[in-house]
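J.: Just dropping this structure here.
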Amino acid sequence: MRKIKGLAFEYICIGATLTALFLLALLLWDAWDKGAGWLSWRFLDSFPSRFPEQAGIKSALWGSIWLMLLTALISIPLGVGAAIYLEEYADRTWLTRIIEINISNLAGVPSIVYGILGLALFVRWMMLGRSLLAGALTMALLILPIIIISSQEAIRAVPNSIREASYALGATKWQTVKFHVLPAAMPGVLTGNILALSRAMGEAAPLIMIGALTFIAFTPSSPLDPFTALPIQIFNWASRPKAEFQYLAAAGILVLLALLLAMNAAAIIIRNKYQKYIKW
Amino acid sequence: MTSAIQTINLSAWYGNKQALTSVSMSLEENKITAIIGPSGCGKSTFIRCLNRMNDLIDGFKTEGEILIYSKDVRYIDPVELRKSVGMVFQKPNPFPKSIYENIAFGPRIHGINSNRLDAIVEESLRKAALWDEVNDRLNDNAMELSGGQQQRLCIARALAVKPKIILFDEPCSALDPLSTSKIEDLMLELKKEYTLVIVTHNMQQAARVSDHTAFFLYGKLIESGETKQIFKKPKEKSTEDYIIGRFG
Amino acid sequence: MDRLRIQRIRELAIEKALFLCALASILTTLGIILVLIFESISFFEEVPILEFLTGTTWAPTYRPQHFGVLPLINGTLMIAVGAAIIAIPLGIASAVYLSEYADLKVRQIVKPVLEILAGVPTVVYGYFAISFITPLLREFVPEANIFNAASASIVVGIMILPMVSSLSEDAMRAVPRALREGAYALGATRFEVSTKIVAPAALSGILASFILAISRAVGETMAVTLAAGATPKMTLDFFESIQTMTAFIVQVSMGDTPFGSIEYKTIFAVGMVLFVMTFLMNIVSMWIKEKYREVY
Ligand SMILES: Nc1ncnc2c1ncn2[C@@H]1O[C@H](COP(=O)(O)OP(=O)(O)OP(=O)(O)O)[C@@H](O)[C@H]1O
Ligand SMILES: [Mg+2]
């Protein structure tokens, strides 16, 4: 009896895990089933259109690429800088403690709330309008906690013996950080940053808040241009009842997932490549 | 005889925990001083005070004076201090970079002109008796060297910033006997130019290489003197107990 | 000596700059709070706060206007509860499997897959809900609305499942081996060890993961906007169209409400409620985890 109970329990647990895997497969299959037929070079290279056969994701794709570059440019220096401060410089004071609690709290704030902040702060107050820059600033704040936390972990994993070796030679703190700690932590930092950016890549809600448009028939050429992005385009198509637009949404999803997959693969490759090299 | 290092009533604490109690001692120039004592007696703490490495630990504080060539270390910029008081650690800790970069780093941050680096790298590696083994692979990663080679690389790295004093914290405890004897020979060679302090758990090693020996117990300096005297006729009972192995 | 002076000044400048980077996170929080407070205050100058918090009709865009936020909260909680019903049993069971049963090889495959599930953008889940779940649901429940709380709950549940699973697994794996081995030595089965030893010992971590996951569901936006509808109402029927707080905020910001109008300000009042709710949940979750930081 005890045995049967145990076995049943084991199967339940396995079943739950398989369900999760099955759901992922189902989700991918559904998007592939509906969207694959709509994937084409023309789809990648056309602007959105009222006519599904002519519609494409050119502006969304370029918008997303621009947005990611700008977001990276803002959030990585800020986030890695904060991580360095917290790990290497900060004394264990109440202020440090508050900053750290605050960061883990920020990580749990819904993305749409960042959108509200972006709308009030960047679009209205700083008068950046509904521009790429406003979007990138908002996204940068959104992923900042993730970047800080993952960079902190990477920096913490650098063995203290490296720091001691450097200090013992008369290096200053910044020299130690710049020449030894950061390079050694770099694979971890990069991996974390790429994963954080891939989170930003898929976010739609904050962009809708700050007013990214959905119907844009040009590619941005400066950070102050209006823009659209992949998840927004997908959202727009998905919210239209006509079946063809649903298929377009699926095709857009395939492109988005492919990009995310590429980013994740890059992160994994970086991690594995350097892990081989540095074993403490 | 000049003393390179002198401590006067040096006490040290990690937070509330006292690790050294009123240590007064003077270490002579161009000699090797061995520091012995059971685990946890404050040997590492003592030598890490000498180059202010423990400043980096939260809550660490000292009282008393440490004079390096008659200058109080509190009034020397730690960067300058560590330039003249080098350190070699228990576990070899090369930077995960090329052999060349490991050695060039010190001189470079101290503003040495880069066209002199090649010469400094060679000179340091020669002094550390490593040149013959690595001169054809200077751009290889230092992590690929053997443990003993890594430790000599760390010594070369310390030499490259031209210190006057070098502190060794159990430099051979992670090494095989052959590498150990190489490093011991090296130390005997180095004392012509440098003042050496070595922490060791190995009584034979202390007896073989050092000129002076100091015995620590529970954070206190129990006795110090000529190595021969300490090993043959210690004044204190506890020193004798420790040396003949009747202790911890 | 001059070199040293310059070096010291540079070191100080760098430290200050890095400190400012760390301060940015505090400023973000302050920014969120200040923006929400200021804009909400001007909203509450026009709408009494009591009416807002207790009213059961939400109709800010047509006349007569009503600003009772309860229907939106109701919708949000329905999604959160529905998602929890899906995600908690599945998540905890798969956590038990991964932590107590699966060998290293299986884990090395399953965990990354779960991570992928966690990394799928929410708009994709929204699409999945309307293109797959809703039609399927309507096969079984023909009277279900095209937009309904059930579909949205299901996908949000799938979305937060990896979170429950991986955080709970972490908590269970943190239970020391010795505790398990003691029980096995007494002849306990794996089932008994999992349920009577490991789960209770990891309880705080598991609870914290639930709360965090529910907070995620409360703040979820795109999937509910696409699948749950835009009809704020006081209902408990999962097959009806509803509206969550987040979906409402999206709706307003996509329309062309003029800046400064009362409709525009609702974004901030509702955003405030949303922020406070998720913030409290995150705090509680952190607090549980801290407070019961396993004293084995
Ligand atoms: N970073 C630290 N924080 C708190 N206490 C410490 C720290 N480092 C050392 N101590 C304590 O200070 C005392 C002296 O330690 P120290 O490392 O100097 O001993 P040691 O003689 O070098 O021992 P060993 O031979 O094991 O290396 C010990 O009781 C130790 O526990
Ligand atoms: Mg020691």
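Numbering starts fresh at 1 for the residues of each chain in the structure tokens, the chains themselves are lettered A, B, ... in the order given, and ligands are numbered from 1 as they appear.
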Give as a list in words every residue of chain B that touches chain C within 9 Å, counting only C-alpha atoms.

T.: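 Interface list for chain B against chain C: Asp77, Val79, Glu80 and Gly111 of chain B.
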
J.: Can I get the selected residues back with N, CA, C and O atoms, as a CSV table (one decimal), in the first residue's frame?

T.:
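Here's the written file selection-v6.csv:
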chain,number,residue,atom,x,y,z
B,77,ASP,N,50.8,55.8,2.2
B,77,ASP,CA,49.6,55.4,1.3
B,77,ASP,C,49.7,53.8,1.1
B,77,ASP,O,50.8,53.3,0.8
B,79,VAL,N,48.9,52.0,-1.2
B,79,VAL,CA,49.5,51.6,-2.5
B,79,VAL,C,51.0,51.7,-2.5
B,79,VAL,O,51.6,50.8,-3.0
B,80,GLU,N,51.5,52.7,-1.9
B,80,GLU,CA,53.0,52.8,-1.9
B,80,GLU,C,53.6,51.8,-1.0
B,80,GLU,O,54.6,51.1,-1.3
B,111,GLY,N,53.3,52.9,-13.3
B,111,GLY,CA,53.7,54.0,-14.2
B,111,GLY,C,55.1,53.7,-14.9
B,111,GLY,O,55.7,54.6,-15.4

J.: Tell me the residues of chain A close to chain B, meaning within 7 Å using only C-alpha atoms, as an mmCIF file with N, CA and C atoms, in the first residue's frame.

T.:
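Dumped everything to part27.cif:
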data_model
loop_
_atom_site.group_PDB
_atom_site.id
_atom_site.type_symbol
_atom_site.label_atom_id
_atom_site.label_comp_id
_atom_site.auth_asym_id
_atom_site.auth_seq_id
_atom_site.Cartn_x
_atom_site.Cartn_y
_atom_site.Cartn_z
ATOM 1 N N SER A 161 41.066 35.576 -3.981
ATOM 2 C CA SER A 161 42.526 35.491 -4.126
ATOM 3 C C SER A 161 43.015 36.384 -5.261
ATOM 4 N N ILE A 162 42.177 36.572 -6.280
ATOM 5 C CA ILE A 162 42.564 37.443 -7.391
ATOM 6 C C ILE A 162 42.665 38.890 -6.922
ATOM 7 N N ALA A 165 45.746 39.264 -4.768
ATOM 8 C CA ALA A 165 46.965 39.301 -5.576
ATOM 9 C C ALA A 165 47.177 40.699 -6.131
ATOM 10 N N ALA A 168 47.984 43.276 -3.360
ATOM 11 C CA ALA A 168 49.315 43.051 -2.791
ATOM 12 C C ALA A 168 50.401 43.643 -3.681
ATOM 13 N N LEU A 169 50.079 43.872 -4.957
ATOM 14 C CA LEU A 169 51.068 44.488 -5.841
ATOM 15 C C LEU A 169 50.967 46.007 -5.804
ATOM 16 N N GLY A 170 50.093 46.516 -4.962
ATOM 17 C CA GLY A 170 49.962 47.968 -4.860
ATOM 18 C C GLY A 170 48.935 48.539 -5.819
ATOM 19 N N ALA A 171 48.038 47.692 -6.321
ATOM 20 C CA ALA A 171 47.003 48.219 -7.206
ATOM 21 C C ALA A 171 45.937 48.922 -6.372
ATOM 22 N N THR A 172 45.311 49.924 -6.952
ATOM 23 C CA THR A 172 44.205 50.577 -6.276
ATOM 24 C C THR A 172 42.947 49.746 -6.508
#

J.: Tell me which protein, DNA and RNA residues are within 9 Å of segment 59-61 of chain C, counting only C-alpha atoms, leaving out same-chain ones fewer than 2 positions away, and put them as a PDB file with N, CA and C atoms, in the first residue's frame.

T.:
ATOM      1  N   THR C  57     -19.074  50.003  -9.955  1.00  0.00           N
ATOM      2  CA  THR C  57     -19.197  50.221 -11.397  1.00  0.00           C
ATOM      3  C   THR C  57     -17.997  50.985 -11.902  1.00  0.00           C
ATOM      4  N   ARG C  63     -20.689  58.571 -20.296  1.00  0.00           N
ATOM      5  CA  ARG C  63     -21.456  59.289 -19.274  1.00  0.00           C
ATOM      6  C   ARG C  63     -22.718  58.519 -18.942  1.00  0.00           C
ATOM      7  N   PRO C  64     -23.188  58.537 -17.706  1.00  0.00           N
ATOM      8  CA  PRO C  64     -22.510  59.150 -16.564  1.00  0.00           C
ATOM      9  C   PRO C  64     -21.275  58.333 -16.166  1.00  0.00           C
ATOM     10  N   GLN C  65     -20.209  59.052 -15.823  1.00  0.00           N
ATOM     11  CA  GLN C  65     -18.975  58.354 -15.473  1.00  0.00           C
ATOM     12  C   GLN C  65     -19.078  57.712 -14.089  1.00  0.00           C
ATOM     13  N   HIS C  66     -18.503  56.536 -13.977  1.00  0.00           N
ATOM     14  CA  HIS C  66     -18.407  55.870 -12.673  1.00  0.00           C
ATOM     15  C   HIS C  66     -16.969  55.458 -12.439  1.00  0.00           C
ATOM     16  N   PHE C  67     -16.506  55.677 -11.243  1.00  0.00           N
ATOM     17  CA  PHE C  67     -15.104  55.360 -10.953  1.00  0.00           C
ATOM     18  C   PHE C  67     -14.967  54.403  -9.768  1.00  0.00           C
ATOM     19  N   GLY C  68     -15.712  53.323  -9.794  1.00  0.00           N
ATOM     20  CA  GLY C  68     -15.535  52.320  -8.743  1.00  0.00           C
ATOM     21  C   GLY C  68     -14.568  51.255  -9.234  1.00  0.00           C
ATOM     22  N   PRO C 232     -15.258  45.542 -17.638  1.00  0.00           N
ATOM     23  CA  PRO C 232     -15.121  45.474 -16.190  1.00  0.00           C
ATOM     24  C   PRO C 232     -16.437  45.098 -15.547  1.00  0.00           C
ATOM     25  N   VAL C 252      -6.709  52.486 -21.958  1.00  0.00           N
ATOM     26  CA  VAL C 252      -6.698  53.947 -21.933  1.00  0.00           C
ATOM     27  C   VAL C 252      -5.510  54.489 -22.712  1.00  0.00           C
ATOM     28  N   ILE C 262      -9.564  63.573 -16.964  1.00  0.00           N
ATOM     29  CA  ILE C 262      -9.817  62.661 -15.855  1.00  0.00           C
ATOM     30  C   ILE C 262      -9.596  61.217 -16.282  1.00  0.00           C
ATOM     31  N   GLU C 263      -9.951  60.908 -17.556  1.00  0.00           N
ATOM     32  CA  GLU C 263      -9.736  59.546 -18.037  1.00  0.00           C
ATOM     33  C   GLU C 263      -8.252  59.195 -18.027  1.00  0.00           C
ATOM     34  N   THR C 266      -6.953  58.322 -14.649  1.00  0.00           N
ATOM     35  CA  THR C 266      -7.306  57.009 -14.084  1.00  0.00           C
ATOM     36  C   THR C 266      -6.139  56.039 -14.182  1.00  0.00           C
TER      37      THR C 266
END

J.: Check every residue of chain C for an atom within 6 Å of chain A, counting only C-alpha atoms, and provide those that qualify as JSON, numbers by chain.

T.: {"C": [18, 19, 21, 22, 32, 90, 93, 94, 97, 121, 191, 219, 253]}

J.: Can you tell me which residues sit at most 9 Å away from ligand 2, counting only C-alpha atoms and all ligand atoms, written as a list of chain:residue names?

T.: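 Selection of residues at most 9 Å from ligand 2: B:Ser39, B:Gly40, B:Cys41, B:Gly42, B:Lys43, B:Ser44, B:Thr45, B:Gln90, B:Asp169, B:Glu170, B:Val199, B:Thr200.
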
J.: To test your reading of the structure, identify every residue in segment 40-240 of chain B that backbone DSSP assigns to strand (DSSP E), and report it as a PyMOL selection string.

T.: chain B and resi 60-68+71-72+85-88+165-169+195-199+212-217+220-226

J.: Taking into account only C-alpha atoms, which residue in the set B:His201, B:Lys191, B:Arg152, B:Lys127 is nearest to Pro38 of chain B?

T.: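 Comparing B:His201, B:Lys191, B:Arg152, B:Lys127 against Pro38 of chain B, the winner is B:His201.
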
J.: Considering only C-alpha atoms, return as a short mmCIF file (atom, residue, chain, number, x, y, z; two decimals) with all heavy atoms, in the first residue's frame whatever protein or nucleic-acid residues lie within 12 Å of Ile230 of chain B, sequence-local ones (same chain, fewer than 3 positions apart) excluded.

T.:
data_model
loop_
_atom_site.label_atom_id
_atom_site.label_comp_id
_atom_site.auth_asym_id
_atom_site.auth_seq_id
_atom_site.Cartn_x
_atom_site.Cartn_y
_atom_site.Cartn_z
N ALA B 34 61.25 33.41 10.14
CA ALA B 34 60.15 32.46 10.06
C ALA B 34 59.18 32.74 11.19
O ALA B 34 59.59 33.05 12.31
CB ALA B 34 60.66 31.03 10.15
N ILE B 35 57.88 32.64 10.88
CA ILE B 35 56.86 32.80 11.92
C ILE B 35 56.15 31.47 12.06
O ILE B 35 55.63 30.93 11.07
CB ILE B 35 55.88 33.91 11.55
CG1 ILE B 35 56.68 35.18 11.32
CG2 ILE B 35 54.81 34.06 12.62
CD1 ILE B 35 55.99 36.44 11.56
N ILE B 36 56.20 30.91 13.26
CA ILE B 36 55.60 29.61 13.46
C ILE B 36 54.59 29.69 14.60
O ILE B 36 54.58 30.65 15.37
CB ILE B 36 56.66 28.52 13.78
CG1 ILE B 36 57.42 28.89 15.05
CG2 ILE B 36 57.60 28.32 12.61
CD1 ILE B 36 58.32 27.77 15.55
N MET B 203 58.27 22.69 10.37
CA MET B 203 59.40 23.02 11.25
C MET B 203 60.73 22.87 10.53
O MET B 203 61.64 23.69 10.68
CB MET B 203 59.41 22.11 12.49
CG MET B 203 58.26 22.35 13.43
SD MET B 203 58.12 24.07 13.90
CE MET B 203 56.63 24.50 13.05
N ALA B 206 61.30 25.88 8.41
CA ALA B 206 61.74 27.02 9.21
C ALA B 206 63.21 26.85 9.57
O ALA B 206 64.01 27.78 9.45
CB ALA B 206 60.89 27.12 10.47
N ALA B 207 63.58 25.64 9.99
CA ALA B 207 64.97 25.40 10.40
C ALA B 207 65.92 25.54 9.23
O ALA B 207 67.03 26.05 9.35
CB ALA B 207 65.09 24.01 11.02
N SER B 210 65.38 29.76 7.60
CA SER B 210 65.28 31.05 8.28
C SER B 210 66.50 31.37 9.14
O SER B 210 67.20 30.47 9.62
CB SER B 210 64.02 31.10 9.14
OG SER B 210 64.16 30.25 10.25
N ASP B 211 66.75 32.67 9.31
CA ASP B 211 67.79 33.13 10.21
C ASP B 211 67.22 33.35 11.60
O ASP B 211 67.86 33.08 12.60
CB ASP B 211 68.39 34.44 9.70
CG ASP B 211 68.87 34.29 8.27
OD1 ASP B 211 69.80 33.51 8.04
OD2 ASP B 211 68.26 34.93 7.38
N HIS B 212 66.00 33.91 11.60
CA HIS B 212 65.33 34.15 12.87
C HIS B 212 63.99 33.45 12.86
O HIS B 212 63.41 33.23 11.81
CB HIS B 212 65.13 35.65 13.11
CG HIS B 212 66.40 36.39 13.29
ND1 HIS B 212 66.99 37.12 12.29
CD2 HIS B 212 67.23 36.48 14.36
CE1 HIS B 212 68.12 37.64 12.72
NE2 HIS B 212 68.30 37.26 13.96
N THR B 213 63.53 33.13 14.06
CA THR B 213 62.22 32.48 14.17
C THR B 213 61.44 33.15 15.29
O THR B 213 62.02 33.51 16.32
CB THR B 213 62.39 30.98 14.46
OG1 THR B 213 63.05 30.36 13.36
CG2 THR B 213 61.03 30.31 14.67
N ALA B 214 60.14 33.31 15.02
CA ALA B 214 59.27 33.86 16.07
C ALA B 214 58.13 32.88 16.28
O ALA B 214 57.54 32.37 15.33
CB ALA B 214 58.71 35.21 15.63
N PHE B 215 57.83 32.60 17.54
CA PHE B 215 56.76 31.65 17.86
C PHE B 215 55.57 32.39 18.43
O PHE B 215 55.68 33.13 19.40
CB PHE B 215 57.29 30.60 18.85
CG PHE B 215 56.21 29.68 19.35
CD1 PHE B 215 55.52 28.84 18.47
CD2 PHE B 215 55.87 29.66 20.70
CE1 PHE B 215 54.53 28.00 18.94
CE2 PHE B 215 54.86 28.82 21.16
CZ PHE B 215 54.19 27.99 20.28
N ILE B 222 55.32 34.60 21.73
CA ILE B 222 55.85 33.93 22.92
C ILE B 222 57.36 34.14 23.02
O ILE B 222 57.89 34.54 24.03
CB ILE B 222 55.53 32.42 22.89
CG1 ILE B 222 54.02 32.23 22.82
CG2 ILE B 222 56.11 31.73 24.11
CD1 ILE B 222 53.26 32.77 24.01
N GLU B 223 58.05 33.85 21.91
CA GLU B 223 59.47 34.19 21.90
C GLU B 223 60.00 34.29 20.49
O GLU B 223 59.44 33.72 19.56
CB GLU B 223 60.28 33.19 22.74
CG GLU B 223 60.55 31.85 22.10
CD GLU B 223 61.51 31.03 22.95
OE1 GLU B 223 62.71 31.38 23.05
OE2 GLU B 223 61.04 30.04 23.54
N SER B 224 61.09 35.05 20.33
CA SER B 224 61.71 35.13 19.03
C SER B 224 63.21 35.23 19.22
O SER B 224 63.69 35.67 20.26
CB SER B 224 61.19 36.35 18.26
OG SER B 224 61.62 37.53 18.88
N GLY B 225 63.94 34.80 18.19
CA GLY B 225 65.39 34.84 18.30
C GLY B 225 66.01 34.11 17.15
O GLY B 225 65.33 33.78 16.16
N GLU B 226 67.31 33.87 17.25
CA GLU B 226 68.03 33.13 16.22
C GLU B 226 67.35 31.76 16.05
O GLU B 226 67.01 31.10 17.03
CB GLU B 226 69.47 32.90 16.66
CG GLU B 226 70.26 34.17 16.84
CD GLU B 226 71.22 34.39 15.70
OE1 GLU B 226 71.49 33.41 14.97
OE2 GLU B 226 71.68 35.53 15.53
N THR B 227 67.20 31.35 14.81
CA THR B 227 66.54 30.08 14.55
C THR B 227 67.23 28.93 15.29
O THR B 227 66.58 28.09 15.91
CB THR B 227 66.51 29.81 13.04
OG1 THR B 227 65.78 30.84 12.43
CG2 THR B 227 65.89 28.47 12.75
N LYS B 233 67.44 25.45 21.90
CA LYS B 233 67.24 25.73 23.32
C LYS B 233 66.18 26.80 23.49
O LYS B 233 66.47 27.93 23.87
CB LYS B 233 68.56 26.21 23.95
CG LYS B 233 69.17 25.14 24.87
CD LYS B 233 70.14 25.80 25.81
CE LYS B 233 71.50 25.82 25.18
NZ LYS B 233 72.35 26.91 25.39
N PRO B 234 64.93 26.47 23.24
CA PRO B 234 63.90 27.49 23.43
C PRO B 234 63.80 27.89 24.90
O PRO B 234 64.01 27.05 25.78
CB PRO B 234 62.62 26.80 22.95
CG PRO B 234 62.92 25.34 23.02
CD PRO B 234 64.38 25.17 22.82
N LYS B 235 63.50 29.15 25.11
CA LYS B 235 63.41 29.60 26.50
C LYS B 235 62.09 29.17 27.11
O LYS B 235 62.00 28.91 28.30
CB LYS B 235 63.52 31.13 26.56
CG LYS B 235 64.87 31.66 26.14
CD LYS B 235 65.00 33.14 26.54
CE LYS B 235 66.22 33.79 25.91
NZ LYS B 235 65.96 34.21 24.50
N GLU B 236 61.06 29.15 26.27
CA GLU B 236 59.74 28.88 26.82
C GLU B 236 59.36 27.42 26.64
O GLU B 236 59.67 26.80 25.63
CB GLU B 236 58.70 29.75 26.10
CG GLU B 236 58.93 31.24 26.21
CD GLU B 236 58.71 31.76 27.62
OE1 GLU B 236 57.85 31.19 28.33
OE2 GLU B 236 59.40 32.73 28.01
N LYS B 237 58.63 26.94 27.61
CA LYS B 237 58.17 25.55 27.57
C LYS B 237 57.24 25.32 26.37
O LYS B 237 57.34 24.32 25.66
CB LYS B 237 57.44 25.25 28.88
CG LYS B 237 56.82 23.88 28.98
CD LYS B 237 57.85 22.86 29.43
CE LYS B 237 57.21 21.52 29.79
NZ LYS B 237 56.37 20.95 28.76
N SER B 238 56.33 26.27 26.14
CA SER B 238 55.34 26.06 25.08
C SER B 238 56.01 26.02 23.71
O SER B 238 55.57 25.30 22.81
CB SER B 238 54.26 27.14 25.13
OG SER B 238 54.85 28.42 25.12
N THR B 239 57.07 26.81 23.52
CA THR B 239 57.79 26.76 22.26
C THR B 239 58.35 25.38 22.02
O THR B 239 58.21 24.79 20.95
CB THR B 239 58.95 27.78 22.28
OG1 THR B 239 58.49 29.01 22.80
CG2 THR B 239 59.51 27.98 20.90
N GLU B 240 58.96 24.85 23.04
CA GLU B 240 59.55 23.52 22.92
C GLU B 240 58.47 22.49 22.60
O GLU B 240 58.62 21.67 21.70
CB GLU B 240 60.26 23.16 24.22
CG GLU B 240 61.09 21.90 24.09
CD GLU B 240 61.78 21.54 25.40
OE1 GLU B 240 61.86 22.41 26.29
OE2 GLU B 240 62.22 20.39 25.51
N ASP B 241 57.36 22.57 23.34
CA ASP B 241 56.26 21.65 23.10
C ASP B 241 55.82 21.70 21.65
O ASP B 241 55.60 20.67 21.01
CB ASP B 241 55.06 22.01 23.98
CG ASP B 241 55.31 21.58 25.42
OD1 ASP B 241 56.31 20.88 25.64
OD2 ASP B 241 54.52 21.98 26.29
N TYR B 242 55.71 22.91 21.14
CA TYR B 242 55.22 23.05 19.77
C TYR B 242 56.23 22.47 18.78
O TYR B 242 55.87 21.71 17.87
CB TYR B 242 54.96 24.53 19.45
CG TYR B 242 54.48 24.71 18.03
CD1 TYR B 242 53.19 24.34 17.68
CD2 TYR B 242 55.32 25.22 17.05
CE1 TYR B 242 52.74 24.48 16.39
CE2 TYR B 242 54.87 25.36 15.74
CZ TYR B 242 53.58 25.00 15.42
OH TYR B 242 53.15 25.13 14.14
N ILE B 243 57.50 22.80 18.99
CA ILE B 243 58.50 22.38 18.02
C ILE B 243 58.65 20.87 17.98
O ILE B 243 58.77 20.28 16.90
CB ILE B 243 59.85 23.06 18.34
CG1 ILE B 243 59.75 24.55 17.99
CG2 ILE B 243 60.98 22.41 17.56
CD1 ILE B 243 60.92 25.35 18.46
N ILE B 244 58.60 20.24 19.11
CA ILE B 244 58.77 18.80 19.04
C ILE B 244 57.43 18.10 18.80
O ILE B 244 57.34 16.88 18.84
CB ILE B 244 59.47 18.23 20.29
CG1 ILE B 244 58.62 18.51 21.53
CG2 ILE B 244 60.87 18.82 20.43
CD1 ILE B 244 59.21 17.89 22.77
#

J.: Give me, as number ranges by chain, all polymer residues having an atom no more than 12 Å from Ala183 of chain C, counting only C-alpha atoms and skipping those fewer than 2 positions away in the same chain.

T.: C: 176-181, 185-198

J.: Compare B:Tyr194, B:Tyr69, B:Tyr100, B:Tyr14 by their minimum atom-to-atom distance to ligand 1, counting only C-alpha atoms and all ligand atoms, and give me the closest one.

T.: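 Closest to ligand 1 of all the choices is B:Tyr14.
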
J.: Write out as a list in words which residues come within 8 Å of segment 130-135 of chain A when counting only C-alpha atoms, dropping same-chain ones fewer than 5 positions away.

T.: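 What passes the distance filter is Gly63, Trp66, Leu67, Leu70, Gly118, Phe122, Val123, Pro206, Leu207, Ile210, Gly211, Ala212, Ser222, Pro223, Leu224, Asp225, Pro226 and Phe227 of chain A.
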
J.: Could you state the separation of atom CA of Glu169 of chain C and atom CA of Ala258 of chain A in Å, given to one decimal place?

T.: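 That distance, rounded to one decimal, is 28.7 Å.
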
J.: Could you give me, as an mmCIF file with N, CA and C atoms, in the first residue's frame, the residues within 7 Å of Met234 of chain C, counting only C-alpha atoms and dropping anything in the same chain fewer than 5 positions from it?

T.:
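Final output, out_30.cif:
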data_model
loop_
_atom_site.group_PDB
_atom_site.id
_atom_site.type_symbol
_atom_site.label_atom_id
_atom_site.label_comp_id
_atom_site.auth_asym_id
_atom_site.auth_seq_id
_atom_site.Cartn_x
_atom_site.Cartn_y
_atom_site.Cartn_z
ATOM 1 N N THR C 56 -18.805 49.881 -7.294
ATOM 2 C CA THR C 56 -18.843 48.607 -7.996
ATOM 3 C C THR C 56 -19.116 48.780 -9.480
ATOM 4 N N PRO C 71 -14.635 46.433 -9.775
ATOM 5 C CA PRO C 71 -14.724 45.471 -10.891
ATOM 6 C C PRO C 71 -13.351 45.114 -11.469
ATOM 7 N N ASN C 74 -11.666 42.940 -9.025
ATOM 8 C CA ASN C 74 -12.301 41.632 -9.134
ATOM 9 C C ASN C 74 -11.728 40.851 -10.313
#

J.: So how many Å separate atom CA of Glu39 of chain C and atom CA of Met286 of chain C, to one decimal?

T.: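 Taking atom CA of Glu39 of chain C as the start and atom CA of Met286 of chain C as the end point, the length is 28.8 Å.
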
J.: Would you please extract all helix (DSSP H, G or I) residues from segment 44-233 of chain B, as assigned by DSSP on the backbone, and give them as a PyMOL selection string?

T.: chain B and resi 44-50+53-56+73-75+78-84+99-109+114-127+131-134+142-144+147-159+177-190+203-209+227-232

J.: Which residue gives the smallest distance to ligand 1 among B:Ile166, B:Ser146, B:Val73, B:Tyr218, with only C-alpha atoms and all ligand atoms counted?

T.: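 Smallest distance to ligand 1 is found for B:Tyr218.
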